[in-house]
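*Asks:* First the structure, then my questions, so here it is.
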Amino acid sequence: MHTNLKKSHSCLLVIIMMGLLFNIHLVYLLIVGVIYGCSVSHLYKTERIKANQQNNLIHFGTATFNHKGKMTTINEKGKEILFADSSETMDLWALIDEYGLPIAQEERPSVVTLRNKQPMQNQMIGLKHKTNGQEKWLLVHTNPVLSKKSRIDEVVIVFTEVSFLLQYRNEMQNRNNYLKHLSLTDGLTGIPNRRYFEDYLHDIWEDMRKQKKPMTLIMLDIDYFKKFNDTYGHIEGDICLKKIAKILEKTVHDLGKVFRYGGEEFAVILPNTDVHTSKKLAAMLEQAVEDLKIPHSVSTDRAYVTVSTGATTFVPQDMENVEKYVQSADNQLYEAKRNRRQAC
(Lines give C-alpha, C1' and ligand atoms only; values in the text may rest on other atoms or scores of the structure.)
Protein backbone atom coordinates (compact mmCIF):
# COMPACT_ATOMS: atom_id res chain seq x y z
CA MET A 1 0.00 0.00 0.00
CA HIS A 2 2.82 2.33 0.91
CA THR A 3 4.39 1.54 -2.42
CA ASN A 4 1.13 2.16 -4.24
CA LEU A 5 0.74 5.46 -2.44
CA LYS A 6 4.17 6.52 -3.56
CA LYS A 7 3.26 5.56 -7.09
CA SER A 8 0.01 7.47 -6.86
CA HIS A 9 1.85 10.52 -5.54
CA SER A 10 4.36 10.22 -8.39
CA CYS A 11 1.61 9.99 -11.00
CA LEU A 12 -0.20 12.95 -9.47
CA LEU A 13 2.99 14.95 -9.47
CA VAL A 14 3.59 14.11 -13.13
CA ILE A 15 -0.01 15.03 -13.98
CA ILE A 16 0.30 18.33 -12.11
CA MET A 17 3.62 19.12 -13.78
CA MET A 18 2.22 18.25 -17.20
CA GLY A 19 -0.83 20.38 -16.51
CA LEU A 20 1.31 23.29 -15.45
CA LEU A 21 3.56 22.84 -18.46
CA PHE A 22 0.54 22.64 -20.80
CA ASN A 23 -0.97 25.78 -19.29
CA ILE A 24 2.33 27.57 -19.63
CA HIS A 25 2.39 26.69 -23.33
CA LEU A 26 -1.17 27.93 -23.73
CA VAL A 27 -0.27 31.19 -22.02
CA TYR A 28 2.85 31.46 -24.14
CA LEU A 29 0.93 30.77 -27.36
CA LEU A 30 -1.70 33.25 -26.30
CA ILE A 31 0.92 35.94 -25.67
CA VAL A 32 2.68 35.17 -28.95
CA GLY A 33 -0.64 35.32 -30.82
CA VAL A 34 -1.53 38.67 -29.33
CA ILE A 35 1.92 40.06 -30.16
CA TYR A 36 1.72 38.68 -33.71
CA GLY A 37 -1.78 40.05 -34.21
CA CYS A 38 -0.68 43.49 -33.03
CA SER A 39 2.36 43.34 -35.29
CA VAL A 40 0.28 42.37 -38.31
CA SER A 41 -2.24 45.09 -37.55
CA HIS A 42 0.53 47.67 -37.16
CA LEU A 43 2.22 46.47 -40.34
CA TYR A 44 -1.08 46.67 -42.25
CA LYS A 45 -1.71 50.19 -41.00
CA THR A 46 1.87 51.19 -41.83
CA GLU A 47 1.58 49.80 -45.35
CA ARG A 48 -1.71 51.61 -45.89
CA ILE A 49 -0.11 54.86 -44.76
CA LYS A 50 2.83 54.24 -47.08
CA ALA A 51 0.49 53.42 -49.96
CA ASN A 52 -1.50 56.59 -49.36
CA GLN A 53 1.71 58.61 -49.13
CA GLN A 54 2.99 57.08 -52.36
CA ASN A 55 -0.33 57.75 -54.08
CA ASN A 56 -0.09 61.38 -53.02
CA LEU A 57 3.41 61.57 -54.46
CA ILE A 58 2.27 60.40 -57.92
CA HIS A 59 2.81 63.26 -60.36
CA PHE A 60 0.41 61.93 -62.98
CA GLY A 61 -3.33 62.03 -63.11
CA THR A 62 -5.08 58.85 -64.16
CA ALA A 63 -8.67 58.46 -65.25
CA THR A 64 -10.85 55.93 -67.03
CA PHE A 65 -13.49 56.71 -69.64
CA ASN A 66 -16.23 54.39 -70.81
CA HIS A 67 -17.26 53.73 -74.39
CA LYS A 68 -19.54 56.79 -74.29
CA GLY A 69 -16.64 59.07 -73.44
CA LYS A 70 -17.75 59.65 -69.88
CA MET A 71 -15.25 59.66 -67.02
CA THR A 72 -15.82 56.76 -64.63
CA THR A 73 -12.83 57.00 -62.26
CA ILE A 74 -10.06 59.49 -61.47
CA ASN A 75 -7.21 59.46 -58.94
CA GLU A 76 -6.44 62.17 -56.39
CA LYS A 77 -3.69 63.76 -58.50
CA GLY A 78 -6.06 63.87 -61.45
CA LYS A 79 -8.64 65.70 -59.36
CA GLU A 80 -5.97 68.14 -58.22
CA ILE A 81 -4.94 68.84 -61.81
CA LEU A 82 -8.41 69.16 -63.30
CA PHE A 83 -10.59 70.60 -60.59
CA ALA A 84 -10.04 73.65 -58.42
CA ASP A 85 -12.68 72.41 -55.99
CA SER A 86 -14.85 69.35 -55.49
CA SER A 87 -17.92 70.99 -57.04
CA GLU A 88 -16.35 71.14 -60.49
CA THR A 89 -16.85 68.51 -63.17
CA MET A 90 -15.52 67.76 -66.63
CA ASP A 91 -18.67 69.35 -68.06
CA LEU A 92 -17.27 72.76 -67.08
CA TRP A 93 -14.26 72.31 -69.40
CA ALA A 94 -14.12 72.57 -73.17
CA LEU A 95 -11.36 70.68 -74.98
CA ILE A 96 -9.21 72.80 -77.30
CA ASP A 97 -6.20 72.14 -79.52
CA GLU A 98 -2.86 73.98 -79.58
CA TYR A 99 -4.40 76.75 -81.68
CA GLY A 100 -7.24 77.33 -79.23
CA LEU A 101 -9.83 75.71 -81.50
CA PRO A 102 -12.50 73.37 -80.05
CA ILE A 103 -11.88 69.63 -80.33
CA ALA A 104 -14.90 67.78 -81.68
CA GLN A 105 -16.33 64.90 -79.66
CA GLU A 106 -15.18 62.32 -82.23
CA GLU A 107 -11.62 63.67 -82.09
CA ARG A 108 -11.16 63.45 -78.33
CA PRO A 109 -8.26 61.17 -77.33
CA SER A 110 -10.48 58.69 -75.49
CA VAL A 111 -12.88 58.40 -78.44
CA VAL A 112 -10.07 58.07 -81.00
CA THR A 113 -8.43 55.37 -78.88
CA LEU A 114 -11.68 53.41 -78.67
CA ARG A 115 -12.26 53.77 -82.40
CA ASN A 116 -8.74 52.83 -83.51
CA LYS A 117 -8.12 50.35 -80.67
CA GLN A 118 -4.62 51.75 -80.45
CA PRO A 119 -2.84 53.74 -77.72
CA MET A 120 -2.01 57.40 -78.29
CA GLN A 121 1.14 59.01 -76.92
CA ASN A 122 2.18 62.61 -76.18
CA GLN A 123 -1.07 64.32 -77.15
CA MET A 124 -1.19 68.02 -76.24
CA ILE A 125 -4.71 68.85 -75.06
CA GLY A 126 -6.04 72.14 -73.78
CA LEU A 127 -8.88 72.60 -71.33
CA LYS A 128 -10.73 75.92 -71.34
CA HIS A 129 -13.04 76.70 -68.44
CA LYS A 130 -16.49 77.55 -69.78
CA THR A 131 -17.15 80.06 -66.99
CA ASN A 132 -13.95 81.97 -66.27
CA GLY A 133 -11.94 81.22 -69.44
CA GLN A 134 -9.02 79.70 -67.51
CA GLU A 135 -6.85 77.38 -69.58
CA LYS A 136 -4.96 74.25 -68.55
CA TRP A 137 -2.67 72.32 -70.87
CA LEU A 138 -2.17 68.59 -70.48
CA LEU A 139 0.18 66.03 -71.97
CA VAL A 140 -2.01 62.97 -72.46
CA HIS A 141 -1.35 59.24 -73.03
CA THR A 142 -4.26 56.89 -73.70
CA ASN A 143 -4.50 53.10 -73.65
CA PRO A 144 -7.46 50.86 -74.53
CA VAL A 145 -8.49 48.25 -71.93
CA LEU A 146 -9.81 44.79 -72.83
CA SER A 147 -12.91 43.64 -70.96
CA LYS A 148 -13.53 40.02 -69.90
CA LYS A 149 -15.25 39.48 -73.24
CA SER A 150 -12.10 40.66 -75.08
CA ARG A 151 -13.93 43.80 -76.08
CA ILE A 152 -12.47 47.28 -75.76
CA ASP A 153 -15.03 49.39 -73.98
CA GLU A 154 -12.84 51.43 -71.64
CA VAL A 155 -9.85 53.73 -71.97
CA VAL A 156 -7.24 54.58 -69.36
CA ILE A 157 -5.82 58.06 -69.66
CA VAL A 158 -2.60 59.16 -67.96
CA PHE A 159 -2.00 62.91 -67.97
CA THR A 160 0.11 65.63 -66.43
CA GLU A 161 -0.23 69.38 -66.52
CA VAL A 162 2.26 71.18 -68.76
CA SER A 163 0.75 74.67 -68.70
CA PHE A 164 4.00 76.12 -67.42
CA LEU A 165 5.92 74.49 -70.31
CA LEU A 166 3.49 75.92 -72.85
CA GLN A 167 3.78 79.34 -71.23
CA TYR A 168 7.57 79.07 -71.33
CA ARG A 169 7.40 78.01 -75.00
CA ASN A 170 5.19 80.99 -75.83
CA GLU A 171 7.53 83.35 -73.99
CA MET A 172 10.50 81.94 -75.89
CA GLN A 173 8.58 82.23 -79.16
CA ASN A 174 7.73 85.85 -78.41
CA ARG A 175 11.34 86.54 -77.53
CA ASN A 176 12.55 84.87 -80.71
CA ASN A 177 10.03 86.86 -82.76
CA TYR A 178 11.25 90.05 -81.13
CA LEU A 179 14.88 89.17 -81.83
CA LYS A 180 13.97 88.32 -85.42
CA HIS A 181 12.18 91.66 -85.71
CA LEU A 182 15.29 93.43 -84.44
CA SER A 183 17.47 91.59 -86.93
CA LEU A 184 15.22 92.69 -89.80
CA THR A 185 14.73 96.30 -88.68
CA ASP A 186 16.98 99.30 -89.23
CA GLY A 187 18.01 100.51 -85.78
CA LEU A 188 17.95 104.20 -86.70
CA THR A 189 14.83 104.67 -88.81
CA GLY A 190 12.76 101.74 -87.55
CA ILE A 191 11.89 100.57 -91.08
CA PRO A 192 12.90 97.20 -92.60
CA ASN A 193 16.63 96.86 -93.30
CA ARG A 194 18.73 95.45 -96.14
CA ARG A 195 18.41 91.88 -94.86
CA TYR A 196 14.61 92.16 -94.80
CA PHE A 197 14.74 93.66 -98.29
CA GLU A 198 16.49 90.59 -99.68
CA ASP A 199 14.08 88.15 -98.01
CA TYR A 200 11.00 90.11 -99.03
CA LEU A 201 12.23 90.60 -102.59
CA HIS A 202 12.60 86.83 -103.06
CA ASP A 203 9.15 86.16 -101.57
CA ILE A 204 7.36 88.76 -103.74
CA TRP A 205 9.38 87.68 -106.76
CA GLU A 206 8.12 84.11 -106.36
CA ASP A 207 4.50 85.23 -105.82
CA MET A 208 4.52 87.47 -108.90
CA ARG A 209 6.24 84.77 -110.97
CA LYS A 210 3.48 82.28 -110.14
CA GLN A 211 0.77 84.85 -110.85
CA LYS A 212 2.60 86.15 -113.95
CA LYS A 213 2.12 89.74 -112.78
CA PRO A 214 4.53 92.71 -112.89
CA MET A 215 6.38 94.15 -109.91
CA THR A 216 8.41 97.32 -109.47
CA LEU A 217 11.61 98.09 -107.63
CA ILE A 218 12.40 101.75 -106.85
CA MET A 219 15.78 102.83 -105.48
CA LEU A 220 16.11 106.26 -103.79
CA ASP A 221 19.18 108.20 -102.72
CA ILE A 222 19.40 111.48 -100.74
CA ASP A 223 21.15 114.12 -102.86
CA TYR A 224 24.40 115.57 -101.51
CA PHE A 225 23.93 113.87 -98.16
CA LYS A 226 27.65 113.88 -97.33
CA LYS A 227 27.66 117.68 -97.65
CA PHE A 228 24.56 117.77 -95.42
CA ASN A 229 26.35 115.79 -92.70
CA ASP A 230 29.50 117.87 -93.02
CA THR A 231 27.49 121.09 -92.66
CA TYR A 232 24.84 120.21 -90.05
CA GLY A 233 26.49 117.30 -88.23
CA HIS A 234 25.63 113.63 -87.92
CA ILE A 235 22.86 114.15 -85.34
CA GLU A 236 20.95 116.32 -87.83
CA GLY A 237 21.84 113.76 -90.49
CA ASP A 238 20.17 111.02 -88.41
CA ILE A 239 17.07 113.19 -87.89
CA CYS A 240 16.95 113.77 -91.64
CA LEU A 241 17.06 110.03 -92.34
CA LYS A 242 14.26 109.35 -89.84
CA LYS A 243 12.00 112.01 -91.36
CA ILE A 244 12.56 110.73 -94.87
CA ALA A 245 11.94 107.10 -93.87
CA LYS A 246 8.66 108.13 -92.24
CA ILE A 247 7.40 110.16 -95.21
CA LEU A 248 8.36 107.40 -97.66
CA GLU A 249 6.33 104.83 -95.70
CA LYS A 250 3.39 107.23 -95.48
CA THR A 251 3.46 107.89 -99.23
CA VAL A 252 3.82 104.24 -100.27
CA HIS A 253 1.22 103.20 -97.67
CA ASP A 254 -0.19 99.75 -98.53
CA LEU A 255 1.04 99.69 -102.14
CA GLY A 256 4.35 98.13 -101.11
CA LYS A 257 7.13 98.17 -98.56
CA VAL A 258 9.96 100.66 -97.89
CA PHE A 259 13.47 99.61 -96.80
CA ARG A 260 16.65 101.33 -95.73
CA TYR A 261 19.01 99.82 -98.24
CA GLY A 262 22.14 101.32 -96.71
CA GLY A 263 23.59 104.73 -95.75
CA GLU A 264 21.43 107.39 -97.39
CA GLU A 265 19.87 104.94 -99.87
CA PHE A 266 16.33 103.55 -99.63
CA ALA A 267 14.42 100.93 -101.63
CA VAL A 268 10.74 100.35 -102.35
CA ILE A 269 9.22 97.04 -103.52
CA LEU A 270 5.81 97.28 -105.17
CA PRO A 271 4.00 94.01 -105.99
CA ASN A 272 1.54 93.90 -108.88
CA THR A 273 2.54 97.35 -110.18
CA ASP A 274 2.85 98.42 -113.82
CA VAL A 275 5.24 100.96 -115.37
CA HIS A 276 2.75 103.83 -115.34
CA THR A 277 1.98 103.40 -111.63
CA SER A 278 5.66 103.02 -110.72
CA LYS A 279 6.64 106.28 -112.49
CA LYS A 280 3.78 108.13 -110.85
CA LEU A 281 4.72 106.83 -107.39
CA ALA A 282 8.43 107.62 -107.88
CA ALA A 283 7.53 111.24 -108.67
CA MET A 284 5.26 111.35 -105.59
CA LEU A 285 8.10 110.09 -103.38
CA GLU A 286 10.48 112.77 -104.68
CA GLN A 287 7.89 115.47 -104.08
CA ALA A 288 7.00 114.18 -100.59
CA VAL A 289 10.64 114.43 -99.47
CA GLU A 290 11.02 117.93 -100.91
CA ASP A 291 7.81 119.00 -99.17
CA LEU A 292 9.44 118.22 -95.82
CA LYS A 293 11.43 121.44 -96.34
CA ILE A 294 14.52 120.12 -94.55
CA PRO A 295 17.06 122.96 -95.07
CA HIS A 296 20.11 122.05 -97.19
CA SER A 297 22.04 125.27 -97.75
CA VAL A 298 25.00 123.58 -99.47
CA SER A 299 22.93 121.68 -102.03
CA THR A 300 23.66 122.79 -105.57
CA ASP A 301 20.17 121.76 -106.65
CA ARG A 302 17.58 123.00 -104.13
CA ALA A 303 17.52 124.88 -100.85
CA TYR A 304 15.97 121.78 -99.28
CA VAL A 305 16.85 118.08 -99.03
CA THR A 306 15.84 116.13 -102.14
CA VAL A 307 16.07 112.54 -103.35
CA SER A 308 16.75 110.99 -106.72
CA THR A 309 14.94 107.83 -107.83
CA GLY A 310 15.51 104.98 -110.23
CA ALA A 311 12.84 102.40 -111.05
CA THR A 312 12.51 99.17 -112.99
CA THR A 313 9.33 97.19 -113.66
CA PHE A 314 9.29 93.56 -114.80
CA VAL A 315 7.43 90.27 -114.72
CA PRO A 316 9.64 87.84 -112.76
CA GLN A 317 10.90 84.78 -114.61
CA ASP A 318 13.55 82.83 -112.70
CA MET A 319 15.45 83.60 -109.53
CA GLU A 320 18.74 84.01 -111.40
CA ASN A 321 17.49 87.39 -112.70
CA VAL A 322 16.89 88.96 -109.26
CA GLU A 323 20.27 90.66 -109.00
CA LYS A 324 19.98 91.86 -112.58
CA TYR A 325 16.84 93.83 -111.83
CA VAL A 326 18.27 95.25 -108.59
CA GLN A 327 21.26 96.43 -110.60
CA SER A 328 18.93 97.83 -113.26
CA ALA A 329 17.07 99.97 -110.68
CA ASP A 330 20.41 101.10 -109.22
CA ASN A 331 21.63 102.11 -112.68
CA GLN A 332 18.45 104.10 -113.24
CA LEU A 333 19.02 105.83 -109.90
CA TYR A 334 22.56 106.95 -110.68
CA GLU A 335 21.50 108.04 -114.15
CA ALA A 336 18.90 110.29 -112.48
CA LYS A 337 21.52 111.69 -110.09
CA ARG A 338 23.90 112.38 -112.98
CA ASN A 339 21.16 114.18 -114.90
CA ARG A 340 20.30 116.24 -111.81
CA ARG A 341 23.94 117.34 -111.41
CA GLN A 342 24.24 118.20 -115.09
CA ALA A 343 21.04 120.21 -114.90
CA CYS A 344 22.54 122.23 -112.11
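Identifiers in the C-alpha coordinates: chain A, B, ... in order shown; residue index from 1 per chain; ligand index from 1 in order shown.
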Where in segment 159-284 of chain A does DSSP assign helix (DSSP H, G or I), given as a PyMOL selection string?

*Replies:* chain A and resi 163-183+194-211+225-232+234-255+275-284

*Asks:* If you count only C-alpha atoms, which residues fall within 12 Å of Leu182 of chain A, apart from same-chain ones fewer than 4 positions away, as a ChimeraX atom specification?

*Replies:* /A:175-178,186-188,190-193,195-196

*Asks:* Would you please work out which residue, of A:Gly69, A:Pro119, A:Gly310, A:Gly133, is nearest to Ala267 of chain A when using only C-alpha atoms?

*Replies:* A:Gly310

*Asks:* For the contact check between segment 131-242 of chain A and segment 292-298 of chain A, emit one row per residue of segment 131-242 of chain A within 8 Å, containing the shortest atom pair and the distance in Å rounded to one decimal, counting only C-alpha atoms, chain then rising number order, as a tab-separated table.

*Replies:*
residue	atom	partner	partner_atom	distance
A:Lys227	CA	A:Val298	CA	6.7
A:Phe228	CA	A:His296	CA	6.4
A:Thr231	CA	A:Val298	CA	7.7
A:Cys240	CA	A:Ile294	CA	7.4

*Asks:* Could those residues be written to a file, using N, CA, C and O atoms, as an mmCIF file, in the first residue's frame?

*Replies:*
data_model
loop_
_atom_site.group_PDB
_atom_site.id
_atom_site.type_symbol
_atom_site.label_atom_id
_atom_site.label_comp_id
_atom_site.auth_asym_id
_atom_site.auth_seq_id
_atom_site.Cartn_x
_atom_site.Cartn_y
_atom_site.Cartn_z
ATOM 1 N N LYS A 227 27.535 116.246 -97.922
ATOM 2 C CA LYS A 227 27.663 117.680 -97.649
ATOM 3 C C LYS A 227 26.722 118.099 -96.520
ATOM 4 O O LYS A 227 27.060 118.958 -95.699
ATOM 5 N N PHE A 228 25.522 117.472 -96.493
ATOM 6 C CA PHE A 228 24.556 117.770 -95.424
ATOM 7 C C PHE A 228 25.153 117.411 -94.067
ATOM 8 O O PHE A 228 25.095 118.202 -93.115
ATOM 9 N N THR A 231 27.951 119.737 -93.005
ATOM 10 C CA THR A 231 27.489 121.086 -92.662
ATOM 11 C C THR A 231 26.694 121.111 -91.359
ATOM 12 O O THR A 231 26.926 121.951 -90.478
ATOM 13 N N CYS A 240 17.355 113.687 -90.234
ATOM 14 C CA CYS A 240 16.946 113.775 -91.636
ATOM 15 C C CYS A 240 16.558 112.401 -92.169
ATOM 16 O O CYS A 240 15.507 112.250 -92.821
#

*Asks:* Excluding Asn132 of chain A and any residue of its chain fewer than 2 positions from it, enumerate the residues within 12 Å of it, using only C-alpha atoms, and give them as number ranges by chain.

*Replies:* A: 92-94, 127-130, 134-135

*Asks:* Write a file of the selected residues as a JSON list (two decimals), in the first residue's frame, keeping N, CA, C and O atoms.

*Replies:*
[["chain", "number", "residue", "atom", "x", "y", "z"],
["A", 92, "LEU", "N", -17.60, 71.33, -67.13],
["A", 92, "LEU", "CA", -17.27, 72.76, -67.08],
["A", 92, "LEU", "C", -16.07, 73.10, -67.97],
["A", 92, "LEU", "O", -15.72, 74.27, -68.11],
["A", 93, "TRP", "N", -15.45, 72.08, -68.58],
["A", 93, "TRP", "CA", -14.26, 72.31, -69.40],
["A", 93, "TRP", "C", -14.54, 71.98, -70.86],
["A", 93, "TRP", "O", -15.19, 70.98, -71.18],
["A", 94, "ALA", "N", -14.05, 72.84, -71.74],
["A", 94, "ALA", "CA", -14.12, 72.57, -73.17],
["A", 94, "ALA", "C", -12.73, 72.17, -73.65],
["A", 94, "ALA", "O", -11.74, 72.80, -73.28],
["A", 127, "LEU", "N", -7.58, 72.54, -71.97],
["A", 127, "LEU", "CA", -8.88, 72.60, -71.33],
["A", 127, "LEU", "C", -9.19, 74.07, -71.05],
["A", 127, "LEU", "O", -8.40, 74.76, -70.41],
["A", 128, "LYS", "N", -10.32, 74.54, -71.55],
["A", 128, "LYS", "CA", -10.73, 75.92, -71.34],
["A", 128, "LYS", "C", -11.99, 75.94, -70.50],
["A", 128, "LYS", "O", -13.01, 75.35, -70.87],
["A", 129, "HIS", "N", -11.90, 76.65, -69.35],
["A", 129, "HIS", "CA", -13.04, 76.70, -68.44],
["A", 129, "HIS", "C", -14.17, 77.51, -69.08],
["A", 129, "HIS", "O", -13.96, 78.62, -69.56],
["A", 130, "LYS", "N", -15.36, 76.92, -69.10],
["A", 130, "LYS", "CA", -16.49, 77.55, -69.78],
["A", 130, "LYS", "C", -17.00, 78.79, -69.05],
["A", 130, "LYS", "O", -17.65, 79.64, -69.66],
["A", 134, "GLN", "N", -10.33, 80.22, -67.88],
["A", 134, "GLN", "CA", -9.02, 79.70, -67.51],
["A", 134, "GLN", "C", -8.63, 78.53, -68.41],
["A", 134, "GLN", "O", -9.48, 77.74, -68.82],
["A", 135, "GLU", "N", -7.34, 78.47, -68.72],
["A", 135, "GLU", "CA", -6.85, 77.38, -69.58],
["A", 135, "GLU", "C", -5.86, 76.51, -68.82],
["A", 135, "GLU", "O", -5.04, 77.01, -68.05]]

*Asks:* Among segment 99-250 of chain A, which residues carry a DSSP assignment of strand (DSSP E), reported as a VMD selection string?

*Replies:* chain A and resid 120 to 129 135 to 146 152 to 161 215 to 222

*Asks:* Counting only C-alpha atoms, which residues in segment 239-300 of chain A sit no more than 12 Å from segment 321-331 of chain A? For each one, give the nearest pair of atoms and the distance in Å, sorted by chain then residue number, as JSON lines.

*Replies:*
{"residue": "A:Tyr261", "atom": "CA", "partner": "A:Asp330", "partner_atom": "CA", "distance": 11.1}
{"residue": "A:Glu265", "atom": "CA", "partner": "A:Asp330", "partner_atom": "CA", "distance": 10.1}
{"residue": "A:Phe266", "atom": "CA", "partner": "A:Asp330", "partner_atom": "CA", "distance": 10.7}
{"residue": "A:Ala267", "atom": "CA", "partner": "A:Ala329", "partner_atom": "CA", "distance": 9.5}
{"residue": "A:Val268", "atom": "CA", "partner": "A:Ala329", "partner_atom": "CA", "distance": 10.5}
{"residue": "A:Ile269", "atom": "CA", "partner": "A:Val326", "partner_atom": "CA", "distance": 10.5}
{"residue": "A:Ser278", "atom": "CA", "partner": "A:Ala329", "partner_atom": "CA", "distance": 11.8}
{"residue": "A:Ala282", "atom": "CA", "partner": "A:Ala329", "partner_atom": "CA", "distance": 11.9}

*Asks:* In Å, rounded to a single decimal, give me how far atom CA of Glu154 of chain A is from atom CA of Thr64 of chain A.

*Replies:*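 One can read the atom CA of Thr64 of chain A to atom CA of Glu154 of chain A distance as 6.7 Å.
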
*Asks:* Work out how far atom CA of Arg260 of chain A is from atom CA of Asp203 of chain A, in Å to one decimal.

*Replies:*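 Separation of atom CA of Asp203 of chain A and atom CA of Arg260 of chain A: 17.9 Å.
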